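Trainee: My structure is below; once you've seen it, I'll send some questions.
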Amino acid sequence: MTRNVPLTQERFAEAARLCNPEIPYTSDISVLSEKTVIGSKTIENRLACQAMEGCDGNADGSPGELTERRYLRFSRGGAGIIWFEATACTENGRANPRQLYLNEKNLDSFKSLVNKIRETALRENGYVPLIIMQNTHSGRYSKPNGKAEPLIAYNNPLLEASGPIDSSRIVSDSDIDTIGEAMVKNSALAEKAGFDGVDIKCCHRYLNSELLSAYNREGRYGGCFENRTRLLRETVRNSIQTVSSDFIVSTRLNIYDGLPYPYGFGVSEKSGTEPDFDEPERLVDELHTLGMRIINITMGNPYFNPHVNRPFSMGPYQADEHPVEGVARVLNGISEVHAAVPEIKVIASALSWLGVVAPNVAAAYISAGGFDYAGFGRMIFAYPDFARDILTKGSLDSKKICIACSKCTEIMRTPGGTPGCAIRDPLYTEIYRNIKNNRK
Ligand SMILES: Cc1cc2nc3c(=O)[nH]c(=O)nc-3n(C[C@H](O)[C@H](O)[C@H](O)COP(=O)(O)O)c2cc1C
């Protein structure tokens, strides 16, 4: 099977024919320019910058120079939504020593960045994006001092292939209560910093997401559906009660982990890694009942099965499926969950691999009610003004698109690495080159 990068419509069509996924396509992309409303906020178009961590904050958790550079590029780009990257709620929940960490002491630095994002967008595009901050605790993947300091929901042999993590690292129920309180406090700080909303992160197998599959954990956070979803539901409810009524409380949710039962959420209990969206649909419905109006949906574990999370043309291994199948899994899974709870607006993920046909595919899904906003991850590192080109030129430039080569992830996985696009952004070409040279 070919692993061609989809630079042209013909290649996309060929990939679709080879894999026979049910991915729709339309040449009418006008729906992407539509305005939508959530509560008191207007969203100017259907294009979103997904949460993309740059691991380039300062030691105190405040945004650094590269952080600012990234967000000003995104804000000039004209997307209707900027989903601001993973920002830790506690120091020990940081995924790396340079992960952003919002607290009272550095609040002003976040305020200043949010203001600059709005000012820049208004000046360049005549409107401001909706800005949602991702509120996280990295759980199993915590590395606040550069070495692993995991806090796990339960031992998972699939994720601990080299030997079980010591049971002292299993987070206690009272520690989870405390983390929930820290997340609610972080939601309130996000409002003070000027964000439009907060995302109680529940994806990619960080703490909240891992709890969703804690089927065999004892106590208040394990076993039944109610217990496994407790941290997310209570943090969402308490955040809604703490912030003002027009501040958005959302979540970025894994509806499918791609790990077999009893180690994955959104999978069939009977057969391997086959998706089963009954529980994700029930959870989204309950979140809607709590007052959630917009949700960002994703899949997979970027450490364990990155081809599920971010389908790639080149990556750390040869996946046993064509990347277009990975894209289809995410987009059709999102559509299925959205059909079950159509009242909640949905942002989709995993479109970058589609390259120049991404706007056409996104527009087809949106027109059919599959989702409401097209979220782009790796694409925004490569092509920060992707939204402007889609909206004003009606297409993406094949010389600017993300080629799904996984170099941004490779930089991120290098200790001290600050990810960006090594192909399209000369600053990061240099960063990537230095990493390669240092390895020699
Ligand atoms: C370098 C890098 C950083 C990322 N940072 C985050 C993050 O902070 N929060 C998050 O939820 N997802 C993060 N992701 C995942 C992306 O948001 C997105 O889900 C994934 O790349 C698939 O979308 P795409 O095909 O548009 O790239 C990151 C991905 C990459 C490659």
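Naming scheme: A, B, ... for chains in displayed order of the structure tokens; residues 1 onward per chain; ligands 1 onward as shown.
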Counting only C-alpha atoms, what is within 9 Å of A:Arg293, bar same-chain residues fewer than 6 positions away, as a list in words?

Mentor: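 Everything that qualifies: Ile38, Gly39, Ile248, Val249, Ser250, Leu287, Glu343, Ile344, Lys345 and Val346 of chain A.
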
Trainee: May I have the selected residues written with C-alpha atoms, as a CSV table (one decimal), in the first residue's frame?

Mentor:
chain,number,residue,atom,x,y,z
A,38,ILE,CA,-22.2,29.9,21.6
A,39,GLY,CA,-23.9,31.8,24.5
A,248,ILE,CA,-17.3,28.6,28.4
A,249,VAL,CA,-16.5,25.3,30.1
A,250,SER,CA,-15.6,22.6,27.7
A,287,LEU,CA,-21.8,16.9,30.0
A,343,GLU,CA,-27.3,19.8,20.8
A,344,ILE,CA,-23.6,20.1,21.7
A,345,LYS,CA,-21.3,21.8,19.2
A,346,VAL,CA,-18.3,19.7,18.2

Trainee: List every residue of stretch 3-114 of chain A that DSSP, applied to the backbone of this structure, places in strand (DSSP E or B), and write the result as a ChimeraX atom specification.

Mentor: /A:36-38,41-43,47-49,81-88,100-101

Trainee: Compile the contact shell of A:Gly80 as a list in words: residues with an atom at most 10 Å away, counting only C-alpha atoms, same-chain residues fewer than 3 positions apart removed.

Mentor: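 So, after excluding close chain neighbours, the residues are Leu32, Ser33, Glu34, Lys35, Thr36, Thr42, Ile43, Glu44, Asn45, Arg46, Leu47, Ala48, Cys49, Ser75, Gly77, Trp83, Ala121, Tyr127, Val128, Pro129, Leu130, Ile131, Tyr373 and Ala387 of chain A.
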
Trainee: Enumerate, in order of chain and increasing residue number, the residues of chain A with an atom no farther than 7 Å from ligand 1, each with its shortest atom pair and distance in Å to one decimal, counting only C-alpha atoms and all ligand atoms, as a Markdown table.

Mentor:
| residue | atom | partner | partner_atom_place_in_ligand_line | distance |
| --- | --- | --- | --- | --- |
| A:Gln50 | CA | ligand 1 | 17 (O) | 4.8 |
| A:Ala51 | CA | ligand 1 | 9 (N) | 4.4 |
| A:Met52 | CA | ligand 1 | 5 (N) | 3.5 |
| A:Glu53 | CA | ligand 1 | 5 (N) | 3.8 |
| A:Gly54 | CA | ligand 1 | 3 (C) | 6.4 |
| A:Glu85 | CA | ligand 1 | 8 (O) | 4.0 |
| A:Ala86 | CA | ligand 1 | 8 (O) | 3.9 |
| A:Cys203 | CA | ligand 1 | 11 (O) | 6.5 |
| A:Arg252 | CA | ligand 1 | 11 (O) | 6.5 |
| A:Thr298 | CA | ligand 1 | 19 (O) | 6.1 |
| A:Asn309 | CA | ligand 1 | 22 (C) | 5.5 |
| A:Arg310 | CA | ligand 1 | 22 (C) | 4.0 |
| A:Pro311 | CA | ligand 1 | 25 (O) | 6.3 |
| A:Ser349 | CA | ligand 1 | 23 (O) | 5.0 |
| A:Ala350 | CA | ligand 1 | 25 (O) | 3.2 |
| A:Leu351 | CA | ligand 1 | 25 (O) | 4.6 |
| A:Ser352 | CA | ligand 1 | 25 (O) | 3.9 |
| A:Trp353 | CA | ligand 1 | 25 (O) | 5.6 |
| A:Gly375 | CA | ligand 1 | 26 (O) | 6.4 |
| A:Phe376 | CA | ligand 1 | 26 (O) | 3.9 |
| A:Gly377 | CA | ligand 1 | 26 (O) | 3.4 |
| A:Arg378 | CA | ligand 1 | 27 (O) | 3.7 |
| A:Met379 | CA | ligand 1 | 26 (O) | 5.9 |
| A:Cys408 | CA | ligand 1 | 1 (C) | 5.0 |
| A:Thr409 | CA | ligand 1 | 1 (C) | 4.8 |
| A:Met412 | CA | ligand 1 | 1 (C) | 5.8 |
| A:Pro419 | CA | ligand 1 | 1 (C) | 5.3 |
| A:Gly420 | CA | ligand 1 | 1 (C) | 6.7 |

Trainee: Could you write out the selected residues, including C-alpha atoms, as an mmCIF file, in the first residue's frame?

Mentor:
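again-v1.cif, written as the output of this step:
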data_model
loop_
_atom_site.group_PDB
_atom_site.id
_atom_site.type_symbol
_atom_site.label_atom_id
_atom_site.label_comp_id
_atom_site.auth_asym_id
_atom_site.auth_seq_id
_atom_site.Cartn_x
_atom_site.Cartn_y
_atom_site.Cartn_z
ATOM 1 C CA GLN A 50 -6.155 22.790 17.801
ATOM 2 C CA ALA A 51 -4.224 22.622 21.076
ATOM 3 C CA MET A 52 -0.545 22.297 20.096
ATOM 4 C CA GLU A 53 2.024 22.357 22.843
ATOM 5 C CA GLY A 54 5.327 24.057 22.159
ATOM 6 C CA GLU A 85 -2.365 24.366 24.462
ATOM 7 C CA ALA A 86 -2.112 22.115 27.539
ATOM 8 C CA CYS A 203 -7.888 13.074 26.289
ATOM 9 C CA ARG A 252 -11.233 17.843 24.886
ATOM 10 C CA THR A 298 -10.169 13.322 19.651
ATOM 11 C CA ASN A 309 -4.180 10.167 17.335
ATOM 12 C CA ARG A 310 -2.328 11.849 14.449
ATOM 13 C CA PRO A 311 -2.341 9.736 11.271
ATOM 14 C CA SER A 349 -9.463 16.573 15.102
ATOM 15 C CA ALA A 350 -6.987 14.740 12.870
ATOM 16 C CA LEU A 351 -7.555 16.600 9.597
ATOM 17 C CA SER A 352 -3.941 17.601 8.909
ATOM 18 C CA TRP A 353 -2.954 14.445 7.016
ATOM 19 C CA GLY A 375 -9.717 21.659 14.081
ATOM 20 C CA PHE A 376 -6.174 21.582 12.693
ATOM 21 C CA GLY A 377 -3.172 20.476 14.767
ATOM 22 C CA ARG A 378 0.112 19.861 12.932
ATOM 23 C CA MET A 379 -1.127 21.974 10.037
ATOM 24 C CA CYS A 408 7.281 18.015 15.243
ATOM 25 C CA THR A 409 6.531 15.015 17.465
ATOM 26 C CA MET A 412 8.772 17.139 21.251
ATOM 27 C CA PRO A 419 8.301 21.489 18.677
ATOM 28 C CA GLY A 420 7.415 23.348 15.513
#

Trainee: With only C-alpha atoms as the counted atoms, please give the residues lying no more than 7 Å from stretch 329-336 of chain A, apart from itself and same-chain residues fewer than 5 positions off, as a list in words.

Mentor: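 Neighbouring residues, sequence-local ones excluded: Ile297, Thr298, Met299, Ala348, Ala350, Gly370 and Phe371 of chain A.
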
Trainee: Residues as selected, C-alpha atoms, written as a PDB file, in the first residue's frame, can you do that?

Mentor:
ATOM      1  CA  ILE A 297     -13.264  15.410  20.296  1.00  0.00           C
ATOM      2  CA  THR A 298     -10.169  13.322  19.651  1.00  0.00           C
ATOM      3  CA  MET A 299      -8.823   9.753  19.911  1.00  0.00           C
ATOM      4  CA  ALA A 348     -13.091  17.715  15.045  1.00  0.00           C
ATOM      5  CA  ALA A 350      -6.987  14.740  12.870  1.00  0.00           C
ATOM      6  CA  GLY A 370     -20.996  15.420  11.266  1.00  0.00           C
ATOM      7  CA  PHE A 371     -19.332  18.162  13.295  1.00  0.00           C
TER       8      PHE A 371
END

Trainee: Could you jot down the atom CA of A:Arg73 to atom CA of A:Ile423 separation for me, Å, one decimal place?

Mentor: 16.4 Å

Trainee: Write out as a VMD selection string the residues lying within 6 Å of A:Arg140, counting only C-alpha atoms and excluding same-chain residues fewer than 6 positions away.

Mentor: chain A and resid 150 to 152

Trainee: Could you give me, as a list in words, the residues within 9 Å of A:Asn145, counting only C-alpha atoms and dropping anything in the same chain fewer than 4 positions from it?

Mentor: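 My reading of the contact set: Asn92, Arg94, Ala95, Asn96, Pro97 and Glu149 of chain A.
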
Trainee: Can I get the selected residues back with N, CA and C atoms, as a CSV table (one decimal), in the first residue's frame?

Mentor:
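Generated file (again_26.csv):
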chain,number,residue,atom,x,y,z
A,92,ASN,N,3.5,19.7,39.7
A,92,ASN,CA,3.9,18.3,39.5
A,92,ASN,C,3.1,17.7,38.4
A,94,ARG,N,2.9,18.9,35.4
A,94,ARG,CA,3.5,19.3,34.1
A,94,ARG,C,4.1,18.2,33.3
A,95,ALA,N,3.9,18.1,32.0
A,95,ALA,CA,4.4,17.0,31.2
A,95,ALA,C,5.9,17.2,30.9
A,96,ASN,N,6.4,18.4,31.0
A,96,ASN,CA,7.8,18.7,30.8
A,96,ASN,C,8.1,20.0,31.6
A,97,PRO,N,9.4,20.3,31.9
A,97,PRO,CA,9.7,21.4,32.7
A,97,PRO,C,9.4,22.8,32.0
A,149,GLU,N,7.8,11.3,36.5
A,149,GLU,CA,7.3,11.3,37.9
A,149,GLU,C,5.8,11.0,37.7

Trainee: Please identify all polymer residues within 6 Å of stretch 256-261 of chain A, counting only C-alpha atoms, omitting same-chain residues fewer than 2 positions from it, and present them as a count of residues only.

Mentor: 10
